[in-house]
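Structure file data_34.txt with compact mmCIF, C-alpha atoms:
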```txt
# COMPACT_ATOMS: atom_id res chain seq x y z
CA THR A 1 3.39 15.23 8.48
CA ILE A 2 5.47 18.29 9.30
CA PHE A 3 6.33 16.88 12.74
CA LEU A 4 7.27 13.51 11.24
CA LEU A 5 9.48 15.13 8.63
CA ALA A 6 11.11 17.50 11.09
CA ASP A 7 11.41 15.20 14.09
CA GLY A 8 11.12 11.69 12.64
CA PRO A 9 14.47 10.43 13.95
CA LYS A 10 13.80 11.90 17.41
CA ILE A 11 10.36 10.29 17.52
CA ARG A 12 11.85 6.97 16.44
CA GLU A 13 14.56 7.13 19.13
CA TRP A 14 11.95 7.99 21.78
CA GLY A 15 9.80 5.05 20.66
CA GLU A 16 12.79 2.70 20.71
CA ARG A 17 13.63 3.71 24.29
CA HIS A 18 10.03 3.20 25.46
CA ILE A 19 9.12 -0.02 23.67
CA GLY A 20 10.07 -2.15 26.67
CA VAL A 21 12.76 -4.33 25.08
CA PRO A 22 16.55 -4.01 24.91
CA LEU A 23 17.64 -1.15 22.66
CA PRO A 24 19.22 -3.33 19.91
CA VAL A 25 15.97 -5.33 19.68
CA ALA A 26 13.92 -2.10 19.61
CA ARG A 27 16.09 -0.79 16.78
CA THR A 28 15.55 -4.00 14.82
CA ILE A 29 11.80 -3.74 15.34
CA SER A 30 11.59 -0.08 14.31
CA ARG A 31 13.90 -0.54 11.31
CA ARG A 32 12.00 -3.53 9.96
CA THR A 33 8.61 -1.91 10.58
CA LEU A 34 9.63 1.25 8.71
CA GLU A 35 11.07 -0.84 5.86
CA ALA A 36 7.78 -2.75 5.62
CA LEU A 37 5.74 0.46 5.54
CA ARG A 38 8.01 1.87 2.82
CA GLY A 39 7.59 -1.36 0.88
CA TYR A 40 3.83 -1.17 1.29
CA PHE A 41 3.70 2.34 -0.13
CA LEU A 42 5.96 1.29 -3.00
CA GLY A 43 3.53 -1.55 -3.76
CA VAL A 44 0.53 0.79 -3.54
CA THR A 45 2.30 3.17 -5.91
CA LEU A 46 2.90 0.37 -8.42
CA VAL A 47 -0.77 -0.67 -8.25
CA ALA A 48 -1.89 2.97 -8.52
CA ALA A 49 0.30 3.47 -11.59
CA PHE A 50 -1.11 0.30 -13.15
CA ASN A 51 -4.69 1.45 -12.52
CA GLY A 52 -3.94 4.93 -13.83
CA VAL A 53 -2.42 3.58 -17.04
CA VAL A 54 -5.27 1.09 -17.65
CA VAL A 55 -7.99 3.68 -17.01
CA GLY A 56 -6.15 6.39 -18.95
CA LEU A 57 -5.68 4.12 -21.96
CA GLY A 58 -9.31 3.05 -21.72
CA ALA A 59 -10.43 6.67 -21.72
CA LEU A 60 -8.14 7.44 -24.64
CA LEU A 61 -9.45 4.50 -26.68
CA LEU A 62 -13.05 5.48 -25.92
CA GLY A 63 -12.41 9.04 -27.07
CA VAL A 64 -13.11 10.54 -23.65
CA PRO A 65 -11.73 14.06 -23.20
CA LEU A 66 -9.23 14.69 -20.42
CA ALA A 67 -7.87 11.12 -20.52
CA ALA A 68 -4.61 12.22 -18.88
CA THR A 69 -6.51 13.98 -16.10
CA ILE A 70 -8.62 10.87 -15.54
CA ALA A 71 -5.42 8.79 -15.33
CA ILE A 72 -3.89 11.17 -12.77
CA VAL A 73 -7.06 11.26 -10.66
CA THR A 74 -7.20 7.45 -10.76
CA PHE A 75 -3.54 7.24 -9.72
CA LEU A 76 -3.94 9.64 -6.79
CA ALA A 77 -7.26 8.16 -5.64
CA ALA A 78 -5.69 4.69 -5.39
CA TYR A 79 -4.04 5.80 -2.14
CA VAL A 80 -7.46 6.15 -0.47
CA PRO A 81 -8.92 2.74 0.43
CA TYR A 82 -12.44 2.06 -0.88
CA LEU A 83 -13.53 5.63 -1.49
CA GLY A 84 -10.66 6.44 -3.83
CA ALA A 85 -11.66 3.93 -6.48
CA TRP A 86 -15.31 4.95 -6.28
CA THR A 87 -14.47 8.64 -6.51
CA ALA A 88 -12.11 8.19 -9.45
CA GLY A 89 -14.61 5.92 -11.16
CA ALA A 90 -17.45 8.40 -10.74
CA PHE A 91 -15.21 11.22 -12.00
CA SER A 92 -14.20 9.31 -15.13
CA VAL A 93 -17.76 8.22 -15.91
CA LEU A 94 -19.11 11.75 -15.48
CA VAL A 95 -16.38 13.20 -17.70
CA ALA A 96 -17.10 10.51 -20.29
CA LEU A 97 -20.84 11.15 -20.11
CA GLY A 98 -20.44 14.90 -20.50
CA GLY A 99 -17.68 14.83 -23.09
CA ALA A 100 -18.30 11.77 -25.23
CA GLY A 101 -21.83 10.54 -24.55
CA THR A 102 -23.63 7.60 -23.03
CA ASP A 103 -21.73 4.89 -24.89
CA ALA A 104 -18.38 6.23 -23.69
CA ALA A 105 -19.72 6.49 -20.12
CA ILE A 106 -20.80 2.85 -20.22
CA GLY A 107 -17.38 1.97 -21.62
CA MET A 108 -15.70 3.84 -18.75
CA ILE A 109 -17.82 1.92 -16.26
CA VAL A 110 -16.54 -1.33 -17.78
CA VAL A 111 -12.93 -0.07 -17.81
CA GLN A 112 -13.15 1.06 -14.17
CA LEU A 113 -14.68 -2.24 -13.08
CA LEU A 114 -11.93 -4.17 -14.83
CA ALA A 115 -9.12 -1.95 -13.56
CA ASN A 116 -10.35 -1.79 -9.96
CA SER A 117 -11.52 -5.35 -9.54
CA VAL A 118 -10.25 -8.18 -11.71
CA LEU A 119 -6.97 -6.68 -12.89
CA GLN A 120 -6.14 -5.03 -9.56
CA GLN A 121 -6.75 -8.28 -7.68
CA LEU A 122 -4.20 -9.94 -9.94
CA VAL A 123 -1.61 -7.17 -9.79
CA GLN A 124 -1.91 -6.06 -6.15
CA PRO A 125 -0.72 -9.27 -4.45
CA LEU A 126 2.18 -9.51 -6.89
CA ALA A 127 3.24 -5.87 -6.45
CA LEU A 128 2.85 -5.85 -2.68
CA GLY A 129 4.45 -9.29 -2.36
CA ALA A 130 7.49 -8.14 -4.30
CA ALA A 131 7.72 -4.84 -2.43
CA LEU A 132 7.27 -6.46 0.98
CA GLY A 133 9.26 -9.62 0.37
CA ILE A 134 6.41 -12.02 1.16
CA HIS A 135 4.49 -14.44 -1.05
CA PRO A 136 1.59 -12.90 -3.03
CA LEU A 137 -0.82 -15.50 -1.60
CA ALA A 138 0.22 -14.46 1.91
CA VAL A 139 -0.53 -10.83 0.98
CA LEU A 140 -3.99 -11.83 -0.20
CA ILE A 141 -4.77 -13.93 2.87
CA VAL A 142 -3.53 -11.46 5.50
CA THR A 143 -5.23 -8.55 3.72
CA ILE A 144 -8.57 -10.36 3.74
CA ALA A 145 -8.10 -11.39 7.38
CA GLY A 146 -6.97 -7.91 8.41
CA GLY A 147 -9.98 -6.35 6.71
CA ALA A 148 -12.39 -8.84 8.26
CA LEU A 149 -10.95 -8.35 11.74
CA PHE A 150 -10.05 -4.66 11.78
CA GLY A 151 -11.82 -2.99 8.85
CA ALA A 152 -10.05 -0.43 6.67
CA VAL A 153 -7.10 -0.11 9.07
CA GLY A 154 -6.61 -3.87 8.90
CA LEU A 155 -6.71 -3.79 5.10
CA ILE A 156 -3.94 -1.20 5.04
CA LEU A 157 -1.69 -2.53 7.80
CA ALA A 158 -2.05 -6.32 7.56
CA ALA A 159 0.50 -6.94 4.79
CA PRO A 160 3.22 -4.52 5.99
CA LEU A 161 2.92 -5.70 9.60
CA THR A 162 3.12 -9.33 8.48
CA SER A 163 6.24 -8.50 6.48
CA ALA A 164 7.75 -6.65 9.43
CA ALA A 165 6.94 -9.49 11.84
CA THR A 166 8.54 -12.16 9.63
CA ARG A 167 11.67 -10.08 9.11
CA ILE A 168 11.95 -9.11 12.79
CA SER A 169 11.56 -12.76 13.75
CA ALA A 170 14.29 -13.81 11.31
CA ASP A 171 16.62 -11.03 12.50
CA LEU A 172 16.12 -11.92 16.17
CA ALA A 173 16.63 -15.64 15.49
CA ARG A 174 19.83 -14.89 13.60
CA ALA A 175 21.06 -12.58 16.37
CA SER A 176 20.39 -15.18 19.05
CA GLN A 177 22.35 -17.81 17.08
CA GLU A 178 25.28 -15.42 16.62
CA ALA A 179 25.37 -14.34 20.27
CA PRO A 180 28.03 -16.08 22.34
CA GLU A 181 26.67 -18.30 25.06
CA GLY A 182 27.57 -17.14 28.43
```
Have the structure of the file written as structure tokens, please.
Amino acid sequence: TIFLLADGPKIREWGERHIGVPLPVARTISRRTLEALRGYFLGVTLVAAFNGVVVGLGALLLGVPLAATIAIVTFLAAYVPYLGAWTAGAFSVLVALGGAGTDAAIGMIVVQLLANSVLQQLVQPLALGAALGIHPLAVLIVTIAGGALFGAVGLILAAPLTSAATRISADLARASQEAPEG
């Protein structure tokens, strides 16, 4: 992360020179790819905030101590595919069990299942679709396909790379129509 923060523009320029296409095309590709990745992380942040609020409110309503801490852990864990939701869920259930009893722990299990399955599956395609500029159904389809073909990496990169590819394609088509024939 330190190298990316310190030398990000230099790394990008080096990549653009070595991508094997004309420099203006390479710049379009790198710009659109970075925009798509930024959009992806914006979408993940929106989904993480939604999960954190739902779980935090659930904990508050159930009388679980440390509801704000549970909400923050849920928010942060949403950035870790698969394991994040399980870890945050286990944390909230254990806090509920220790602080408010068995009934509250069972309630937290229900809240976590709702927040990390049904509700998230409704919100995630909408949030990522809006952040990436592609249809929510496309987000759902490419995410499933990416996960089936490439595992966790495919789950993470399928939607932003699809967004980048569609925008790069549109930019290149527009540039070729604007270029004078010669």
**OP:** Choose the residue, out of A:Leu66, A:Ala148, A:Ala138, A:Ala164, that has the smallest atom-to-atom separation from Gly98 of chain A; count all atoms listed in the file.
**Re:**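 Once distances to Gly98 of chain A are computed over all atoms listed in the file, the minimum belongs to A:Leu66.
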With segment 28-40 of chain A as the partner and 12 Å as the cut-off, tabulate the residues of segment 58-125 of chain A that qualify, each row holding the nearest pair of atoms and their distance in Å to one decimal, using all atoms listed in the file, sorted by chain and rising number, as JSON lines.
```
{"residue": "A:Tyr79", "atom": "CA", "partner": "A:Tyr40", "partner_atom": "CA", "distance": 11.1}
{"residue": "A:Gln124", "atom": "CA", "partner": "A:Tyr40", "partner_atom": "CA", "distance": 10.6}
{"residue": "A:Pro125", "atom": "CA", "partner": "A:Tyr40", "partner_atom": "CA", "distance": 10.9}
```
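Using all atoms listed in the file, the residues found no farther than 12 Å from Ala96 of chain A, other than those of its own chain fewer than 5 positions away, are A:Val55, A:Gly56, A:Gly58, A:Ala59, A:Leu60, A:Leu61, A:Leu62, A:Gly63, A:Val64, A:Pro65, A:Leu66, A:Ala67, A:Thr69, A:Ile70, A:Gly89, A:Ala90, A:Phe91, A:Gly101, A:Thr102, A:Asp103, A:Ala104, A:Ala105, A:Ile106, A:Gly107, A:Met108, A:Ile109, A:Val111, A:Gln112.
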Subject >> Coordinates-based distance that separates atom CA of Ala26 of chain A from atom CA of Ser169 of chain A (Å, one decimal) >> reply: 12.4 Å
Subject >> Nearest residue to Phe50 of chain A from the set A:Val21, A:Pro9, A:Ala115, A:Gly147 (distances using all atoms listed in the file) >> reply: A:Ala115
Original post:
How far is it from atom CA of Glu13 of chain A to atom CA of Ala159 of chain A, in Å with one decimal?
Top reply: 24.5 Å
Original post:
Using all atoms listed in the file, which residue out of A:Ala71, A:Leu155, A:Leu161, A:Leu149 lies closest to Ile134 of chain A?
Top reply: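 Once distances to Ile134 of chain A are computed over all atoms listed in the file, the minimum belongs to A:Leu161.
We find atom CA of Gly99 of chain A and atom CA of Leu57 of chain A to be spaced 16.1 Å apart.
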